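A.B. asks: Questions regarding the structure given below will be posed in turn.
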Amino acid sequence: MNIGEDKKAPLGVWGRYLITAALPYANGPVHIGHMAGVYVPADIYVRYLRAQKRDVVFVGGSDEHGVPITIRAMKEGVSPQQIVDKYHAIIKESFEQMGISFDIYSRTSNQVHHETAAAFFKKLYDEGLFEEKETEQYYDENAKIFLADRYITGTCPVCSNPNAYGDQCERCGSSLSPELLINPRSTLSDAIPVKKKTKHWYFPLQNYESWLKEWILEGHKEWKNNVYGQCKSWLDNGLQSRAMTRDSNWGIKVPLPDAEGKVLYVWFDAPIGYISATKELTPQWADYWCKEDTKLVHFIGKDNIVFHCIIFPAMLKAHGNFVLPDNVPANEFLNIEGDKVSTSRNWAVWVNEYVKDFPGCEDVLRYVLCSNAPETKDNDFTWKDFQEKNNSELVAIFGNFVNRTFVLMHKLCNGKVPPLHTDVMDETDRILIEEIKNAKTKVENCIEEYKFREALFEVIDLARKGNKYLQEKEPWKKVPLNPPSGGAFESDAMVNHKLIDNCIHLCLQLTANLAILINPFLPFTSKKLLHMLKVVDKILDWKNAGKIKLLSVGYSLRPPELLFRKIEDHELSYQVEKLRSGSIKSEPNNEKSEKMGTNDKSTNQPANKSTIQYDDFAKLDLRTGTIVSAEKVEKADKLLKLLIDLGFETRTIVSGIALHFKPEEIVGKQVVVVANLAPRKMRGIESNGMILMAEDKEGKLHFINPDDKINEGSPVT
RNA sequence: GGCGGGGUAGCUCAGUUGGUAAGAGCGUAGGAUUCAUAACCCUAAGGUCACGGGUUCAACUCCCGUCCCCGCUACCA
């Protein structure tokens, strides 16, 4: 592959472009975080490339496999297919409505993908690139399923992080396999997983480590800081074999004879979805995937970095014959009104709802999300900001310029494009013409470097310059004059007439430029402009930008229509109210944040506990006790080391309540203790028992204790 | 605690390889104007560039340390 030789390729040297946007996971709709981080930037890039007449394909689709979907189906009593059908339709529609112009929006449950992914796997298998291991895999006997990586937690063998996930330790960055974990447990039913024999195929990432290091750390220093830093961290920590198959019946069947009940790991099959979608789109798919002069770019959220920068490239490398990503411009997260987006708390602005609440304002959302995109760090979306950006930039600068140009043209030039009289052009005119040219260069440079918000700023700035120009020229102050008939002579009036012509002429040409430049960002607006200017789509070719001969002299144009409307205060308060009233307080241990990235495939539902017999209860030795001392445990945010007087003895209990109570304020409190709990070491301190706590709906903890003070050590029955 | 990303005007962000760049937009305050969706245009205020050291003739820009924010993760048997 083209290691090291592809830096800063000059414009136009790429034969074709293959652009992918992260496959959204089909167990929920998309929200504005997804849009801002992935789909809007990807779409801008693609529309720009198309305007450049580059050969480009933009693929996407729903990611429909994975255990969370089967779990959800189980809970709702429907089939996994029904779940994904429902959300695939919603997601697809949202993208269409927002103008995300996929060449194909596919899905991983369809036939082509099953075949492609299976064949990919088979090829690696046939070449002996997998390690086949029969292992004791963890099985949840309550839920009756093998536990997917994500559903097992345990201790990381590398850094001793006790809550590493089965697929990855996020503390030390190591990629793991479930059986490497020490002390595993099920997050589904809380059951202690039992081991059961099963066979799986592992992909030895470590074999690609040195290659990845060279390819990324040496060859792609231009990647964004956040992306490069993450990659470096993983690579420095060392890679390990990772199982690429799972025990499940939802997914792509492992294409081997002895693999009943086994499917491909969702992260193995999902990125292959990009290939399948391309296949489905065109018989020439291989040109895009296999020819070295293809520029492959993955648009993703930051939660996907490891898969798109490490695992998938290693898979492609192993398979051979495929191009590798030239860049992976991952974005950070978008918060809403100061809080992180959370599906479980319903703290989100859903695209399908936005489209209903603000019909015809799709471009406004695109504008706000792009101009405030989390390109370098997490950012905040507020409705106030949404209003201000709309009212003071789209309406007041961009829309207003276009509107005053059109109104003046109709008032002063009979609704036609006036001629340009070079004899009366001045410095101001020439500067404006220069600015139009510059704008094109600036915008394209920014887009090529994935700096979309800056690019968009430059477009708006051009409109700003138009307003300034208009202000300086003040054509409305000049006396309009009918075209001279017969022997015209130079007079002040004649000159004024020419000045008006020049001003409006240039403003109109500028407007045409705006249509071209804004097109990648606000395609609906661009369309409206073309309609008003009575020109065809052809004019949107990027090569036309920067020119001032886009509209023919004498051509009559349509009356103006407003491009944007103001957003009123009451619309904001409605949205904010909707957001707040719809939000659900969730329990803190369930407060797994939603990422604006699209593949948060974990769900974390505490299951209802099953019925127990009296005997089970009677096994507990519950006692009252009094806290005699409390201190914070070093290097642990949540732990307090407590000494509890139980009457017959005083013992040490380590409890995870430090975020809720200060040590000094709980000394002397009576508590209920599980006295016969097996000892357990935490942070090196042996804990002998457990304090009972109640948790309210805010997630706050409260001690459980007797109404009146009673003797230490009194049994609780 | 670990890893990663950040901390620059009220807000959202730019600041290239260290040297007249401490900047932009919005917001705010004045002014001017009326072609325009009470919009546009002009002007102004304001920041010890998180903090403390260090390297240098010179640091927002390099080094060390500290603090804070965000994400993932850890300790809540």
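Here, A, B, ... name the chains of the structure tokens in the order displayed, residue numbers run from 1 inside each chain, and ligands are numbered from 1 in the same displayed order.
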For chain B, which residues have at least one atom within 8 Å of chain A, if we go by only C-alpha atoms (C1' of nucleotides)? Write them as a list in words, please.
C.D. replies: G1, G2, C3, G4, G5, G6, U12, C26, C35, A36, U37, A39, C40, C41, C70, C72, U73, A74, C75, C76 and A77 of chain B
A.B. asks: Based on the backbone DSSP call, show me all residues of region 368-592 of chain A assigned helix (DSSP H, G or I), as an NGL selection string.
C.D. replies: :A and (368-371 or 383-412 or 422-424 or 427-448 or 452-473 or 475-477 or 492-518 or 523-533 or 537-540 or 542-544 or 569-582 or 588-590)
A.B. asks: Can you list, as JSON, numbers by chain, all residues belonging to region 17-152 of chain A that DSSP tags as strand (DSSP E)?
C.D. replies: {"A": [17, 18, 19, 20, 21, 56, 57, 58, 59, 60, 61, 62, 104, 105, 106, 107, 131, 132, 133, 134, 135, 136, 137, 138, 139, 140, 145, 146, 152]}
A.B. asks: Take the residues that were just selected and, keeping N, CA, C and O atoms, output them as an mmCIF file, in the first residue's frame.
C.D. replies:
data_model
loop_
_atom_site.group_PDB
_atom_site.id
_atom_site.type_symbol
_atom_site.label_atom_id
_atom_site.label_comp_id
_atom_site.auth_asym_id
_atom_site.auth_seq_id
_atom_site.Cartn_x
_atom_site.Cartn_y
_atom_site.Cartn_z
ATOM 1 N N TYR A 17 -12.781 8.929 -5.085
ATOM 2 C CA TYR A 17 -12.958 9.137 -3.651
ATOM 3 C C TYR A 17 -14.014 8.187 -3.114
ATOM 4 O O TYR A 17 -15.072 8.025 -3.721
ATOM 5 N N LEU A 18 -13.701 7.596 -2.005
ATOM 6 C CA LEU A 18 -14.641 6.698 -1.353
ATOM 7 C C LEU A 18 -14.859 7.235 0.059
ATOM 8 O O LEU A 18 -13.936 7.253 0.877
ATOM 9 N N ILE A 19 -16.045 7.737 0.292
ATOM 10 C CA ILE A 19 -16.322 8.386 1.573
ATOM 11 C C ILE A 19 -17.329 7.557 2.359
ATOM 12 O O ILE A 19 -18.389 7.192 1.832
ATOM 13 N N THR A 20 -16.998 7.261 3.581
ATOM 14 C CA THR A 20 -17.923 6.499 4.411
ATOM 15 C C THR A 20 -18.307 7.324 5.627
ATOM 16 O O THR A 20 -17.539 8.131 6.115
ATOM 17 N N ALA A 21 -19.526 7.098 6.088
ATOM 18 C CA ALA A 21 -19.963 7.698 7.345
ATOM 19 C C ALA A 21 -20.342 6.549 8.262
ATOM 20 O O ALA A 21 -20.953 5.574 7.817
ATOM 21 N N VAL A 56 -16.699 10.304 -6.987
ATOM 22 C CA VAL A 56 -16.884 10.048 -5.563
ATOM 23 C C VAL A 56 -18.086 9.150 -5.286
ATOM 24 O O VAL A 56 -19.082 9.203 -5.993
ATOM 25 N N VAL A 57 -17.903 8.324 -4.278
ATOM 26 C CA VAL A 57 -18.995 7.485 -3.822
ATOM 27 C C VAL A 57 -19.135 7.662 -2.313
ATOM 28 O O VAL A 57 -18.150 7.637 -1.590
ATOM 29 N N PHE A 58 -20.363 7.883 -1.885
ATOM 30 C CA PHE A 58 -20.633 8.145 -0.470
ATOM 31 C C PHE A 58 -21.526 7.026 0.052
ATOM 32 O O PHE A 58 -22.669 6.896 -0.373
ATOM 33 N N VAL A 59 -20.963 6.204 0.914
ATOM 34 C CA VAL A 59 -21.735 5.045 1.377
ATOM 35 C C VAL A 59 -22.017 5.096 2.878
ATOM 36 O O VAL A 59 -21.253 5.627 3.668
ATOM 37 N N GLY A 60 -23.153 4.527 3.206
ATOM 38 C CA GLY A 60 -23.537 4.433 4.612
ATOM 39 C C GLY A 60 -24.580 3.346 4.750
ATOM 40 O O GLY A 60 -24.965 2.710 3.752
ATOM 41 N N GLY A 61 -25.031 3.146 5.951
ATOM 42 C CA GLY A 61 -26.054 2.135 6.160
ATOM 43 C C GLY A 61 -26.234 1.874 7.642
ATOM 44 O O GLY A 61 -25.465 2.361 8.462
ATOM 45 N N SER A 62 -27.270 1.110 7.948
ATOM 46 C CA SER A 62 -27.524 0.805 9.349
ATOM 47 C C SER A 62 -26.739 -0.417 9.781
ATOM 48 O O SER A 62 -26.647 -1.397 9.046
ATOM 49 N N ILE A 104 -25.629 5.500 -1.483
ATOM 50 C CA ILE A 104 -26.441 4.379 -1.058
ATOM 51 C C ILE A 104 -26.475 4.339 0.451
ATOM 52 O O ILE A 104 -25.452 4.527 1.116
ATOM 53 N N TYR A 105 -27.657 4.134 0.985
ATOM 54 C CA TYR A 105 -27.780 3.913 2.411
ATOM 55 C C TYR A 105 -28.308 2.503 2.587
ATOM 56 O O TYR A 105 -29.477 2.221 2.355
ATOM 57 N N SER A 106 -27.421 1.618 2.943
ATOM 58 C CA SER A 106 -27.768 0.205 2.975
ATOM 59 C C SER A 106 -27.995 -0.272 4.408
ATOM 60 O O SER A 106 -28.244 0.530 5.309
ATOM 61 N N ARG A 107 -27.850 -1.558 4.609
ATOM 62 C CA ARG A 107 -28.030 -2.121 5.944
ATOM 63 C C ARG A 107 -27.292 -3.445 6.019
ATOM 64 O O ARG A 107 -27.181 -4.162 5.033
ATOM 65 N N GLU A 131 -6.380 -17.417 14.400
ATOM 66 C CA GLU A 131 -6.001 -18.443 15.366
ATOM 67 C C GLU A 131 -7.310 -19.074 15.814
ATOM 68 O O GLU A 131 -8.245 -18.369 16.176
ATOM 69 N N GLU A 132 -7.341 -20.406 15.749
ATOM 70 C CA GLU A 132 -8.558 -21.079 16.162
ATOM 71 C C GLU A 132 -8.360 -21.571 17.581
ATOM 72 O O GLU A 132 -7.389 -22.266 17.861
ATOM 73 N N LYS A 133 -9.252 -21.185 18.435
ATOM 74 C CA LYS A 133 -9.073 -21.599 19.829
ATOM 75 C C LYS A 133 -10.373 -22.141 20.380
ATOM 76 O O LYS A 133 -11.426 -21.515 20.227
ATOM 77 N N GLU A 134 -10.252 -23.293 21.011
ATOM 78 C CA GLU A 134 -11.398 -23.765 21.765
ATOM 79 C C GLU A 134 -11.190 -23.298 23.192
ATOM 80 O O GLU A 134 -10.151 -23.563 23.797
ATOM 81 N N THR A 135 -12.152 -22.562 23.671
ATOM 82 C CA THR A 135 -11.967 -22.005 25.011
ATOM 83 C C THR A 135 -13.174 -22.281 25.871
ATOM 84 O O THR A 135 -14.225 -22.703 25.394
ATOM 85 N N GLU A 136 -12.950 -22.053 27.091
ATOM 86 C CA GLU A 136 -14.068 -22.049 28.020
ATOM 87 C C GLU A 136 -14.626 -20.635 27.948
ATOM 88 O O GLU A 136 -13.974 -19.695 28.384
ATOM 89 N N GLN A 137 -15.797 -20.523 27.416
ATOM 90 C CA GLN A 137 -16.382 -19.201 27.275
ATOM 91 C C GLN A 137 -17.414 -18.993 28.367
ATOM 92 O O GLN A 137 -18.041 -19.938 28.827
ATOM 93 N N TYR A 138 -17.603 -17.760 28.726
ATOM 94 C CA TYR A 138 -18.573 -17.510 29.790
ATOM 95 C C TYR A 138 -19.993 -17.554 29.251
ATOM 96 O O TYR A 138 -20.285 -17.107 28.159
ATOM 97 N N TYR A 139 -20.829 -18.111 30.067
ATOM 98 C CA TYR A 139 -22.206 -18.344 29.676
ATOM 99 C C TYR A 139 -23.087 -17.907 30.829
ATOM 100 O O TYR A 139 -22.817 -18.216 31.990
ATOM 101 N N ASP A 140 -24.107 -17.174 30.487
ATOM 102 C CA ASP A 140 -25.036 -16.713 31.520
ATOM 103 C C ASP A 140 -26.197 -17.681 31.564
ATOM 104 O O ASP A 140 -27.012 -17.738 30.645
ATOM 105 N N ILE A 145 -27.596 -17.351 27.477
ATOM 106 C CA ILE A 145 -26.795 -17.041 26.298
ATOM 107 C C ILE A 145 -25.323 -16.919 26.672
ATOM 108 O O ILE A 145 -24.983 -16.640 27.822
ATOM 109 N N PHE A 146 -24.517 -17.135 25.667
ATOM 110 C CA PHE A 146 -23.113 -16.832 25.859
ATOM 111 C C PHE A 146 -22.996 -15.332 26.003
ATOM 112 O O PHE A 146 -23.753 -14.573 25.389
ATOM 113 N N ILE A 152 -19.464 -8.758 29.761
ATOM 114 C CA ILE A 152 -18.677 -9.321 30.844
ATOM 115 C C ILE A 152 -17.737 -8.237 31.325
ATOM 116 O O ILE A 152 -17.116 -7.538 30.533
#
A.B. asks: Which polymer residues have any atom within 10 Å of an atom of A59 (chain B), counting only C-alpha atoms (C1' of nucleotides), with same-chain residues fewer than 2 positions away left out, as an MDAnalysis selection string?
C.D. replies: chainID B and resid 18:19 56 61:62
A.B. asks: Which distance in Å separates CA of Ser526 (chain A) and CA of Ala89 (chain A), to one decimal?
C.D. replies: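 Rounded to one decimal, the two atoms are 27.2 Å apart.
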A.B. asks: Closest to Ile100 (chain A) among A:Ile518, A:Ile71, A:Val46, A:Met494, using only C-alpha atoms?
C.D. replies: A:Val46
A.B. asks: My list of candidates is A:Ile91, A:Ile272, A:Ile685, A:Ala512. Which is closest to His114 (chain A) when distances are computed with only C-alpha atoms?
C.D. replies: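 Of all the options, A:Ile272 lies closest to His114 (chain A).
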A.B. asks: Report the distance between CA of Ala314 (chain A) and CA of Asp269 (chain A) in Å, rounded to one decimal place.
C.D. replies: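 CA of Asp269 (chain A) lies 13.7 Å from CA of Ala314 (chain A).
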A.B. asks: Any idea what's packed within 10 Å of Asp569 (chain A), counting only C-alpha atoms (C1' of nucleotides), ignoring anything in its chain fewer than 6 positions away? Could you give it as a list in words?
C.D. replies: Trp383, Lys384 and Gln387 of chain A
A.B. asks: For region 287-291 of chain A, work out the shell of residues within 10 Å, counting only C-alpha atoms (C1' of nucleotides) and skipping chain neighbours fewer than 3 positions away, then give it as a list of chain:residue names.
C.D. replies: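 Neighbouring residues, sequence-local ones excluded: A:Gly15, A:Arg16, A:Tyr17, A:Leu18, A:Ile19, A:Asp55, A:Val56, A:Val57, A:Tyr274, A:Ile275, A:Thr278, A:Lys279, A:Thr282, A:Pro283, A:Gln284, A:Thr294, A:Lys295, A:Leu296, A:Gly320, A:Asn321, A:Phe322, A:Val323, A:Leu324.
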A.B. asks: Dump N, CA, C and O atoms for the selected residues as a PDB file, in the first residue's frame?
C.D. replies:
ATOM      1  N   GLY A  15      -7.597   9.426  -8.036  1.00  0.00           N
ATOM      2  CA  GLY A  15      -8.435   8.949  -9.130  1.00  0.00           C
ATOM      3  C   GLY A  15      -9.903   8.949  -8.758  1.00  0.00           C
ATOM      4  O   GLY A  15     -10.768   9.237  -9.575  1.00  0.00           O
ATOM      5  N   ARG A  16     -10.171   8.604  -7.543  1.00  0.00           N
ATOM      6  CA  ARG A  16     -11.558   8.565  -7.090  1.00  0.00           C
ATOM      7  C   ARG A  16     -11.603   8.635  -5.576  1.00  0.00           C
ATOM      8  O   ARG A  16     -10.591   8.447  -4.899  1.00  0.00           O
ATOM      9  N   TYR A  17     -12.781   8.929  -5.085  1.00  0.00           N
ATOM     10  CA  TYR A  17     -12.958   9.137  -3.651  1.00  0.00           C
ATOM     11  C   TYR A  17     -14.014   8.187  -3.114  1.00  0.00           C
ATOM     12  O   TYR A  17     -15.072   8.025  -3.721  1.00  0.00           O
ATOM     13  N   LEU A  18     -13.701   7.596  -2.005  1.00  0.00           N
ATOM     14  CA  LEU A  18     -14.641   6.698  -1.353  1.00  0.00           C
ATOM     15  C   LEU A  18     -14.859   7.235   0.059  1.00  0.00           C
ATOM     16  O   LEU A  18     -13.936   7.253   0.877  1.00  0.00           O
ATOM     17  N   ILE A  19     -16.045   7.737   0.292  1.00  0.00           N
ATOM     18  CA  ILE A  19     -16.322   8.386   1.573  1.00  0.00           C
ATOM     19  C   ILE A  19     -17.329   7.557   2.359  1.00  0.00           C
ATOM     20  O   ILE A  19     -18.389   7.192   1.832  1.00  0.00           O
ATOM     21  N   ASP A  55     -14.611  11.911  -8.937  1.00  0.00           N
ATOM     22  CA  ASP A  55     -15.320  10.634  -8.954  1.00  0.00           C
ATOM     23  C   ASP A  55     -15.482  10.198  -7.502  1.00  0.00           C
ATOM     24  O   ASP A  55     -14.519   9.798  -6.858  1.00  0.00           O
ATOM     25  N   VAL A  56     -16.699  10.304  -6.987  1.00  0.00           N
ATOM     26  CA  VAL A  56     -16.884  10.048  -5.563  1.00  0.00           C
ATOM     27  C   VAL A  56     -18.086   9.150  -5.286  1.00  0.00           C
ATOM     28  O   VAL A  56     -19.082   9.203  -5.993  1.00  0.00           O
ATOM     29  N   VAL A  57     -17.903   8.324  -4.278  1.00  0.00           N
ATOM     30  CA  VAL A  57     -18.995   7.485  -3.822  1.00  0.00           C
ATOM     31  C   VAL A  57     -19.135   7.662  -2.313  1.00  0.00           C
ATOM     32  O   VAL A  57     -18.150   7.637  -1.590  1.00  0.00           O
ATOM     33  N   TYR A 274     -19.279  -1.180   4.681  1.00  0.00           N
ATOM     34  CA  TYR A 274     -18.931  -0.136   3.719  1.00  0.00           C
ATOM     35  C   TYR A 274     -18.670  -0.759   2.347  1.00  0.00           C
ATOM     36  O   TYR A 274     -19.042  -0.218   1.312  1.00  0.00           O
ATOM     37  N   ILE A 275     -17.997  -1.904   2.387  1.00  0.00           N
ATOM     38  CA  ILE A 275     -17.685  -2.585   1.129  1.00  0.00           C
ATOM     39  C   ILE A 275     -18.965  -3.130   0.500  1.00  0.00           C
ATOM     40  O   ILE A 275     -19.224  -2.934  -0.685  1.00  0.00           O
ATOM     41  N   THR A 278     -21.053  -0.538  -1.142  1.00  0.00           N
ATOM     42  CA  THR A 278     -20.489  -0.110  -2.421  1.00  0.00           C
ATOM     43  C   THR A 278     -20.799  -1.130  -3.504  1.00  0.00           C
ATOM     44  O   THR A 278     -21.148  -0.782  -4.630  1.00  0.00           O
ATOM     45  N   LYS A 279     -20.680  -2.397  -3.125  1.00  0.00           N
ATOM     46  CA  LYS A 279     -21.011  -3.480  -4.059  1.00  0.00           C
ATOM     47  C   LYS A 279     -22.449  -3.386  -4.523  1.00  0.00           C
ATOM     48  O   LYS A 279     -22.763  -3.562  -5.692  1.00  0.00           O
ATOM     49  N   THR A 282     -22.783  -0.335  -7.065  1.00  0.00           N
ATOM     50  CA  THR A 282     -22.246  -0.344  -8.416  1.00  0.00           C
ATOM     51  C   THR A 282     -21.405  -1.576  -8.706  1.00  0.00           C
ATOM     52  O   THR A 282     -20.664  -2.035  -7.844  1.00  0.00           O
ATOM     53  N   PRO A 283     -21.500  -2.069  -9.929  1.00  0.00           N
ATOM     54  CA  PRO A 283     -20.644  -3.187 -10.330  1.00  0.00           C
ATOM     55  C   PRO A 283     -19.168  -2.779 -10.361  1.00  0.00           C
ATOM     56  O   PRO A 283     -18.296  -3.637 -10.319  1.00  0.00           O
ATOM     57  N   GLN A 284     -18.929  -1.482 -10.413  1.00  0.00           N
ATOM     58  CA  GLN A 284     -17.536  -1.001 -10.403  1.00  0.00           C
ATOM     59  C   GLN A 284     -16.989  -0.842  -8.998  1.00  0.00           C
ATOM     60  O   GLN A 284     -16.003  -0.131  -8.786  1.00  0.00           O
ATOM     61  N   THR A 294      -7.375   5.570  -5.048  1.00  0.00           N
ATOM     62  CA  THR A 294      -8.622   5.930  -4.391  1.00  0.00           C
ATOM     63  C   THR A 294      -8.313   6.555  -3.050  1.00  0.00           C
ATOM     64  O   THR A 294      -7.480   6.041  -2.309  1.00  0.00           O
ATOM     65  N   LYS A 295      -8.983   7.637  -2.780  1.00  0.00           N
ATOM     66  CA  LYS A 295      -8.828   8.245  -1.461  1.00  0.00           C
ATOM     67  C   LYS A 295     -10.006   7.822  -0.597  1.00  0.00           C
ATOM     68  O   LYS A 295     -11.146   8.190  -0.854  1.00  0.00           O
ATOM     69  N   LEU A 296      -9.709   7.037   0.418  1.00  0.00           N
ATOM     70  CA  LEU A 296     -10.737   6.535   1.322  1.00  0.00           C
ATOM     71  C   LEU A 296     -10.735   7.381   2.595  1.00  0.00           C
ATOM     72  O   LEU A 296      -9.697   7.569   3.224  1.00  0.00           O
ATOM     73  N   GLY A 320      -5.697  -8.041   2.021  1.00  0.00           N
ATOM     74  CA  GLY A 320      -4.930  -7.619   0.845  1.00  0.00           C
ATOM     75  C   GLY A 320      -5.822  -7.044  -0.219  1.00  0.00           C
ATOM     76  O   GLY A 320      -7.045  -7.204  -0.194  1.00  0.00           O
ATOM     77  N   ASN A 321      -5.213  -6.344  -1.147  1.00  0.00           N
ATOM     78  CA  ASN A 321      -5.919  -5.778  -2.303  1.00  0.00           C
ATOM     79  C   ASN A 321      -6.880  -4.653  -1.998  1.00  0.00           C
ATOM     80  O   ASN A 321      -7.607  -4.210  -2.878  1.00  0.00           O
ATOM     81  N   PHE A 322      -6.918  -4.214  -0.772  1.00  0.00           N
ATOM     82  CA  PHE A 322      -7.835  -3.124  -0.471  1.00  0.00           C
ATOM     83  C   PHE A 322      -7.059  -1.848  -0.154  1.00  0.00           C
ATOM     84  O   PHE A 322      -5.954  -1.896   0.385  1.00  0.00           O
ATOM     85  N   VAL A 323      -7.681  -0.723  -0.464  1.00  0.00           N
ATOM     86  CA  VAL A 323      -7.063   0.544  -0.076  1.00  0.00           C
ATOM     87  C   VAL A 323      -7.252   0.752   1.420  1.00  0.00           C
ATOM     88  O   VAL A 323      -8.135   0.163   2.036  1.00  0.00           O
ATOM     89  N   LEU A 324      -6.421   1.582   1.964  1.00  0.00           N
ATOM     90  CA  LEU A 324      -6.533   1.918   3.381  1.00  0.00           C
ATOM     91  C   LEU A 324      -7.013   3.349   3.496  1.00  0.00           C
ATOM     92  O   LEU A 324      -6.831   4.138   2.574  1.00  0.00           O
TER      93      LEU A 324
END
A.B. asks: Please compute the C1' of G71 (chain B)-CA of His65 (chain A) distance, one decimal, in Å.
C.D. replies: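 We find that C1' of G71 (chain B) and CA of His65 (chain A) lie 25.2 Å from each other.
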A.B. asks: Report as number ranges by chain all protein, DNA and RNA residues lying within 12 Å of A22 (chain B), evaluated on only C-alpha atoms (C1' of nucleotides), omitting residues in the same chain fewer than 3 positions from it.
C.D. replies: B: 8-9, 14-15, 47, 49, 60-61
A.B. asks: So that I have them on file, write out the residues from the current selection with N, CA, C and O atoms (P, O5', C5', C4', C3', O3' and C1' of nucleotides), as a PDB file, in the first residue's frame.
C.D. replies:
ATOM      1  P     U B   8     -10.044  29.171  27.530  1.00  0.00           P
ATOM      2  O5'   U B   8      -8.924  30.079  26.881  1.00  0.00           O
ATOM      3  C5'   U B   8      -8.077  30.864  27.716  1.00  0.00           C
ATOM      4  C4'   U B   8      -7.509  31.995  26.918  1.00  0.00           C
ATOM      5  C3'   U B   8      -8.536  32.884  26.232  1.00  0.00           C
ATOM      6  O3'   U B   8      -9.051  33.859  27.122  1.00  0.00           O
ATOM      7  C1'   U B   8      -6.884  32.279  24.677  1.00  0.00           C
ATOM      8  P     A B   9     -10.578  34.026  27.284  1.00  0.00           P
ATOM      9  O5'   A B   9     -10.814  35.532  27.732  1.00  0.00           O
ATOM     10  C5'   A B   9     -12.144  36.023  27.855  1.00  0.00           C
ATOM     11  C4'   A B   9     -12.185  37.425  27.309  1.00  0.00           C
ATOM     12  C3'   A B   9     -13.593  37.914  26.914  1.00  0.00           C
ATOM     13  O3'   A B   9     -14.210  38.678  27.933  1.00  0.00           O
ATOM     14  C1'   A B   9     -11.928  38.576  25.355  1.00  0.00           C
ATOM     15  P     A B  14     -10.545  25.948  17.716  1.00  0.00           P
ATOM     16  O5'   A B  14      -9.922  26.820  16.544  1.00  0.00           O
ATOM     17  C5'   A B  14      -9.878  28.180  16.655  1.00  0.00           C
ATOM     18  C4'   A B  14      -9.316  28.806  15.413  1.00  0.00           C
ATOM     19  C3'   A B  14      -7.793  28.721  15.317  1.00  0.00           C
ATOM     20  O3'   A B  14      -7.412  27.605  14.542  1.00  0.00           O
ATOM     21  C1'   A B  14      -8.472  30.988  15.262  1.00  0.00           C
ATOM     22  P     G B  15      -5.928  27.026  14.652  1.00  0.00           P
ATOM     23  O5'   G B  15      -5.028  28.321  14.516  1.00  0.00           O
ATOM     24  C5'   G B  15      -3.736  28.301  15.068  1.00  0.00           C
ATOM     25  C4'   G B  15      -3.192  29.698  15.060  1.00  0.00           C
ATOM     26  C3'   G B  15      -1.978  29.864  15.977  1.00  0.00           C
ATOM     27  O3'   G B  15      -0.795  29.542  15.290  1.00  0.00           O
ATOM     28  C1'   G B  15      -3.577  31.481  16.526  1.00  0.00           C
ATOM     29  P     G B  47      -9.012  43.795  30.207  1.00  0.00           P
ATOM     30  O5'   G B  47      -8.672  42.262  29.959  1.00  0.00           O
ATOM     31  C5'   G B  47      -9.657  41.265  30.155  1.00  0.00           C
ATOM     32  C4'   G B  47      -9.080  39.950  29.761  1.00  0.00           C
ATOM     33  C3'   G B  47      -7.597  39.781  30.109  1.00  0.00           C
ATOM     34  O3'   G B  47      -7.490  39.195  31.384  1.00  0.00           O
ATOM     35  C1'   G B  47      -8.036  39.074  27.862  1.00  0.00           C
ATOM     36  P     C B  49      -1.872  36.022  30.201  1.00  0.00           P
ATOM     37  O5'   C B  49      -3.290  35.393  29.867  1.00  0.00           O
ATOM     38  C5'   C B  49      -3.654  34.050  29.948  1.00  0.00           C
ATOM     39  C4'   C B  49      -3.965  33.518  28.572  1.00  0.00           C
ATOM     40  C3'   C B  49      -3.192  32.265  28.247  1.00  0.00           C
ATOM     41  O3'   C B  49      -4.110  31.187  28.423  1.00  0.00           O
ATOM     42  C1'   C B  49      -3.293  33.792  26.401  1.00  0.00           C
ATOM     43  P     C B  60       4.002  34.970  25.970  1.00  0.00           P
ATOM     44  O5'   C B  60       3.122  33.636  25.863  1.00  0.00           O
ATOM     45  C5'   C B  60       1.983  33.443  26.647  1.00  0.00           C
ATOM     46  C4'   C B  60       1.177  32.275  26.130  1.00  0.00           C
ATOM     47  C3'   C B  60       1.978  31.176  25.437  1.00  0.00           C
ATOM     48  O3'   C B  60       2.401  30.221  26.385  1.00  0.00           O
ATOM     49  C1'   C B  60       0.136  31.803  24.074  1.00  0.00           C
ATOM     50  P     U B  61       3.647  29.302  26.143  1.00  0.00           P
ATOM     51  O5'   U B  61       3.609  28.916  24.605  1.00  0.00           O
ATOM     52  C5'   U B  61       3.014  27.685  24.140  1.00  0.00           C
ATOM     53  C4'   U B  61       3.172  27.644  22.640  1.00  0.00           C
ATOM     54  C3'   U B  61       4.559  27.255  22.137  1.00  0.00           C
ATOM     55  O3'   U B  61       4.509  25.954  21.561  1.00  0.00           O
ATOM     56  C1'   U B  61       3.731  29.216  21.046  1.00  0.00           C
TER      57        U B  61
END
A.B. asks: Within 10 Å of Asp357 (chain A), counting only C-alpha atoms (C1' of nucleotides), which residues qualify if same-chain residues fewer than 6 places away don't, as a PyMOL selection string?
C.D. replies: chain A and resi 351+571+574-575
A.B. asks: Produce a file of the selected residues containing C-alpha atoms, as a PDB file, in the first residue's frame.
C.D. replies:
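Writing done, so here's part.pdb:
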ATOM      1  CA  VAL A 351     -33.577  14.628  14.078  1.00  0.00           C
ATOM      2  CA  GLU A 571     -40.052  28.510  19.599  1.00  0.00           C
ATOM      3  CA  TYR A 574     -40.920  25.376  23.565  1.00  0.00           C
ATOM      4  CA  GLN A 575     -37.871  23.348  22.598  1.00  0.00           C
TER       5      GLN A 575
END
